Amino acid sequence: MAETPLQLYLSRWGLSDPALLATTNTSHIYRVHCGGDAAVLKLLSDAGRKDESAAANALQCFGGKGAVRLLRHDAGAHLLEYADGEDLKALVMRGGDEAAAEIIGDVLNRLHAAPRKPEGLVPLRRWFRTLFALSDRHPVCGDAAAAAEKLLAENAAPRVLHGDIHHENIRHSARGWLALDPKGLYGPRLYDAANTLCNPAGMESLSENEARLLKISGLLADKLKVPRGKLLAFVFAYAGLSACWSIEDGQDPSHALAIARLAQPHADI
């Protein structure tokens, strides 16, 4: 009988004690033991083999600074450092929204110090293609697409980007707070802070609040040493993109549109 992919990688990489953590469209994720230490084995689906290659490239660029370490990888699987602590959503739920923003800013500063290695990463303009394609589906999306065009044309100091920074993608570990599950993008660094203002997921009463948007964006802007208005311009563009992703998937775009409407008057475009 042929080995399963799990059996194959347990044998190939000397892993043991697999425990399934999650199953997604792109992967089956297991906690395993590697040389006595816990690690994460991500077995990639056909979709994952396409989508996760840029993630591996980004993790190699980060080199464990601000992100989990990529221990081994090939076309079919990634072996990752295991961050076993709580995520930042748990901190926000305990009333630590501002503290979480400070941590996110620190993590981003560490990630964005990575050497500029664009090989195998996704250019940010390509990432925005859904917004440009569906910009006529809602007036806010049209304005957001115009804003994105201006921001991308500036092309200010492109960096290796995580691409999906939100509260559940930053977890605590023995090495401190670390980002996981990057998309592997390349472009202006403020894109990486934009999604934060639309999150945490499931806490819309918190995020759809203008005072909170201005407070948290101010904290992040101070950490990143950038003007708040420029950060809010990226929030506006990102929220339009998020709305178009929802429209494309047949889902309700109202949350992203609400964030876009809050950010637009304060955006420096």
# chains A, B, ... in the order shown; residues from 1 in each chain; ligands from 1
>>> closest_atom_pairs(of="range 91-188 of chain A", to="range 213-237 of chain A", cutoff="10 Å", atoms="only C-alpha atoms", output="tab-separated table")
residue	atom	partner	partner_atom	distance
A:Asp97	CA	A:Ile216	CA	8.0
A:Glu98	CA	A:Ile216	CA	6.5
A:Ala99	CA	A:Leu219	CA	9.5
A:Ala100	CA	A:Ile216	CA	9.4
A:Ala101	CA	A:Leu220	CA	6.3
A:Glu102	CA	A:Leu220	CA	6.7
A:Ile103	CA	A:Leu220	CA	9.2
A:Ile104	CA	A:Leu220	CA	7.7
A:Gly105	CA	A:Lys223	CA	5.4
A:Asp106	CA	A:Lys223	CA	7.0
A:Leu108	CA	A:Leu224	CA	7.9
A:Asn109	CA	A:Leu224	CA	6.7
A:His112	CA	A:Leu224	CA	9.9
A:Phe128	CA	A:Ala237	CA	9.0
A:Leu131	CA	A:Ala237	CA	8.7
A:Val140	CA	A:Phe236	CA	9.2
A:Cys141	CA	A:Ala237	CA	8.3
A:Gly142	CA	A:Ala237	CA	9.9
A:Asp143	CA	A:Ala237	CA	8.4
A:Ala144	CA	A:Ala237	CA	4.7
A:Ala145	CA	A:Ala237	CA	6.6
A:Ala146	CA	A:Ala237	CA	8.4
A:Ala147	CA	A:Ala237	CA	6.0
A:Ala148	CA	A:Ala237	CA	5.3
A:Glu149	CA	A:Ala237	CA	9.1
A:Lys150	CA	A:Ala233	CA	9.9
A:Leu151	CA	A:Phe234	CA	7.6
A:Leu152	CA	A:Phe234	CA	9.8
A:Pro188	CA	A:Phe234	CA	9.5
>>> select_by_dssp(residues="range 28-269 of chain A", states="helix (DSSP H, G or I)", output="ChimeraX atom specification")
/A:46-51,53-62,88-93,97-111,124-127,129-133,135-137,139-154,167-169,191-198,204-207,210-224,228-248,254-266
>>> closest_residue(among="A:Pro115, A:Pro200, A:Gly250, A:Pro139", to="Tyr186 in chain A", atoms="only C-alpha atoms")
A:Pro115
>>> closest_atom_pairs(of="range 87-154 of chain A", to="range 40-57 of chain A", cutoff="10 Å", atoms="only C-alpha atoms", output="tab-separated table")
residue	atom	partner	partner_atom	distance
A:Lys117	CA	A:Asn57	CA	8.8
A:Pro118	CA	A:Asn57	CA	8.9
A:Glu119	CA	A:Asn57	CA	7.8
A:Gly120	CA	A:Ala54	CA	5.7
A:Leu121	CA	A:Ala54	CA	5.1
A:Val122	CA	A:Ala54	CA	6.9
>>> closest_residue(among="A:Asp164, A:Glu86, A:Glu248, A:Glu210", to="Ala133 in chain A", atoms="only C-alpha atoms")
A:Glu248
>>> atom_distance(atom1="CA of Arg159 in chain A", atom2="CA of Asp192 in chain A")
10.0 Å
>>> atom_distance(atom1="CA of Ala83 in chain A", atom2="CA of His172 in chain A")
6.1 Å
>>> decode(residues="range 59-82 of chain A", atoms="N, CA and C atoms", output="PDB file, in the first residue's frame")
ATOM      1  N   LEU A  59       8.977  33.815   4.142  1.00  0.00           N
ATOM      2  CA  LEU A  59       9.529  33.345   5.408  1.00  0.00           C
ATOM      3  C   LEU A  59      11.050  33.221   5.340  1.00  0.00           C
ATOM      4  N   GLN A  60      11.569  32.814   4.190  1.00  0.00           N
ATOM      5  CA  GLN A  60      13.021  32.761   4.033  1.00  0.00           C
ATOM      6  C   GLN A  60      13.623  34.165   4.109  1.00  0.00           C
ATOM      7  N   CYS A  61      12.939  35.140   3.519  1.00  0.00           N
ATOM      8  CA  CYS A  61      13.422  36.518   3.595  1.00  0.00           C
ATOM      9  C   CYS A  61      13.398  37.029   5.034  1.00  0.00           C
ATOM     10  N   PHE A  62      12.335  36.733   5.774  1.00  0.00           N
ATOM     11  CA  PHE A  62      12.224  37.213   7.152  1.00  0.00           C
ATOM     12  C   PHE A  62      13.270  36.563   8.057  1.00  0.00           C
ATOM     13  N   GLY A  63      13.635  35.327   7.771  1.00  0.00           N
ATOM     14  CA  GLY A  63      14.678  34.660   8.538  1.00  0.00           C
ATOM     15  C   GLY A  63      14.385  34.543  10.024  1.00  0.00           C
ATOM     16  N   GLY A  64      13.113  34.393  10.381  1.00  0.00           N
ATOM     17  CA  GLY A  64      12.753  34.250  11.780  1.00  0.00           C
ATOM     18  C   GLY A  64      12.673  35.558  12.544  1.00  0.00           C
ATOM     19  N   LYS A  65      12.916  36.685  11.904  1.00  0.00           N
ATOM     20  CA  LYS A  65      12.852  37.995  12.572  1.00  0.00           C
ATOM     21  C   LYS A  65      11.453  38.569  12.422  1.00  0.00           C
ATOM     22  N   GLY A  66      10.647  38.381  13.458  1.00  0.00           N
ATOM     23  CA  GLY A  66       9.262  38.842  13.438  1.00  0.00           C
ATOM     24  C   GLY A  66       8.280  37.817  12.933  1.00  0.00           C
ATOM     25  N   ALA A  67       8.759  36.689  12.459  1.00  0.00           N
ATOM     26  CA  ALA A  67       7.899  35.643  11.914  1.00  0.00           C
ATOM     27  C   ALA A  67       8.403  34.278  12.369  1.00  0.00           C
ATOM     28  N   VAL A  68       7.525  33.289  12.281  1.00  0.00           N
ATOM     29  CA  VAL A  68       7.964  31.927  12.582  1.00  0.00           C
ATOM     30  C   VAL A  68       9.032  31.507  11.573  1.00  0.00           C
ATOM     31  N   ARG A  69       9.917  30.635  12.019  1.00  0.00           N
ATOM     32  CA  ARG A  69      10.977  30.153  11.136  1.00  0.00           C
ATOM     33  C   ARG A  69      10.446  29.063  10.211  1.00  0.00           C
ATOM     34  N   LEU A  70      10.904  29.084   8.981  1.00  0.00           N
ATOM     35  CA  LEU A  70      10.674  27.994   8.038  1.00  0.00           C
ATOM     36  C   LEU A  70      11.823  27.016   8.210  1.00  0.00           C
ATOM     37  N   LEU A  71      11.519  25.835   8.750  1.00  0.00           N
ATOM     38  CA  LEU A  71      12.561  24.866   9.082  1.00  0.00           C
ATOM     39  C   LEU A  71      12.976  24.027   7.887  1.00  0.00           C
ATOM     40  N   ARG A  72      11.997  23.566   7.117  1.00  0.00           N
ATOM     41  CA  ARG A  72      12.246  22.803   5.888  1.00  0.00           C
ATOM     42  C   ARG A  72      11.054  23.032   4.974  1.00  0.00           C
ATOM     43  N   HIS A  73      11.275  22.856   3.686  1.00  0.00           N
ATOM     44  CA  HIS A  73      10.137  22.947   2.767  1.00  0.00           C
ATOM     45  C   HIS A  73      10.502  22.323   1.426  1.00  0.00           C
ATOM     46  N   ASP A  74       9.470  21.918   0.734  1.00  0.00           N
ATOM     47  CA  ASP A  74       9.580  21.549  -0.671  1.00  0.00           C
ATOM     48  C   ASP A  74       8.240  21.876  -1.314  1.00  0.00           C
ATOM     49  N   ALA A  75       8.014  21.399  -2.532  1.00  0.00           N
ATOM     50  CA  ALA A  75       6.795  21.771  -3.252  1.00  0.00           C
ATOM     51  C   ALA A  75       5.527  21.256  -2.576  1.00  0.00           C
ATOM     52  N   GLY A  76       5.653  20.233  -1.736  1.00  0.00           N
ATOM     53  CA  GLY A  76       4.460  19.622  -1.157  1.00  0.00           C
ATOM     54  C   GLY A  76       4.208  19.900   0.298  1.00  0.00           C
ATOM     55  N   ALA A  77       5.180  20.491   1.007  1.00  0.00           N
ATOM     56  CA  ALA A  77       5.007  20.662   2.450  1.00  0.00           C
ATOM     57  C   ALA A  77       5.953  21.721   2.997  1.00  0.00           C
ATOM     58  N   HIS A  78       5.524  22.326   4.108  1.00  0.00           N
ATOM     59  CA  HIS A  78       6.362  23.243   4.867  1.00  0.00           C
ATOM     60  C   HIS A  78       6.448  22.739   6.303  1.00  0.00           C
ATOM     61  N   LEU A  79       7.628  22.788   6.876  1.00  0.00           N
ATOM     62  CA  LEU A  79       7.824  22.498   8.290  1.00  0.00           C
ATOM     63  C   LEU A  79       8.191  23.811   8.966  1.00  0.00           C
ATOM     64  N   LEU A  80       7.399  24.188   9.979  1.00  0.00           N
ATOM     65  CA  LEU A  80       7.477  25.518  10.547  1.00  0.00           C
ATOM     66  C   LEU A  80       7.697  25.479  12.054  1.00  0.00           C
ATOM     67  N   GLU A  81       8.325  26.528  12.556  1.00  0.00           N
ATOM     68  CA  GLU A  81       8.398  26.733  13.998  1.00  0.00           C
ATOM     69  C   GLU A  81       6.987  26.809  14.578  1.00  0.00           C
ATOM     70  N   TYR A  82       6.807  26.230  15.753  1.00  0.00           N
ATOM     71  CA  TYR A  82       5.493  26.205  16.401  1.00  0.00           C
ATOM     72  C   TYR A  82       5.401  27.328  17.432  1.00  0.00           C
TER      73      TYR A  82
END
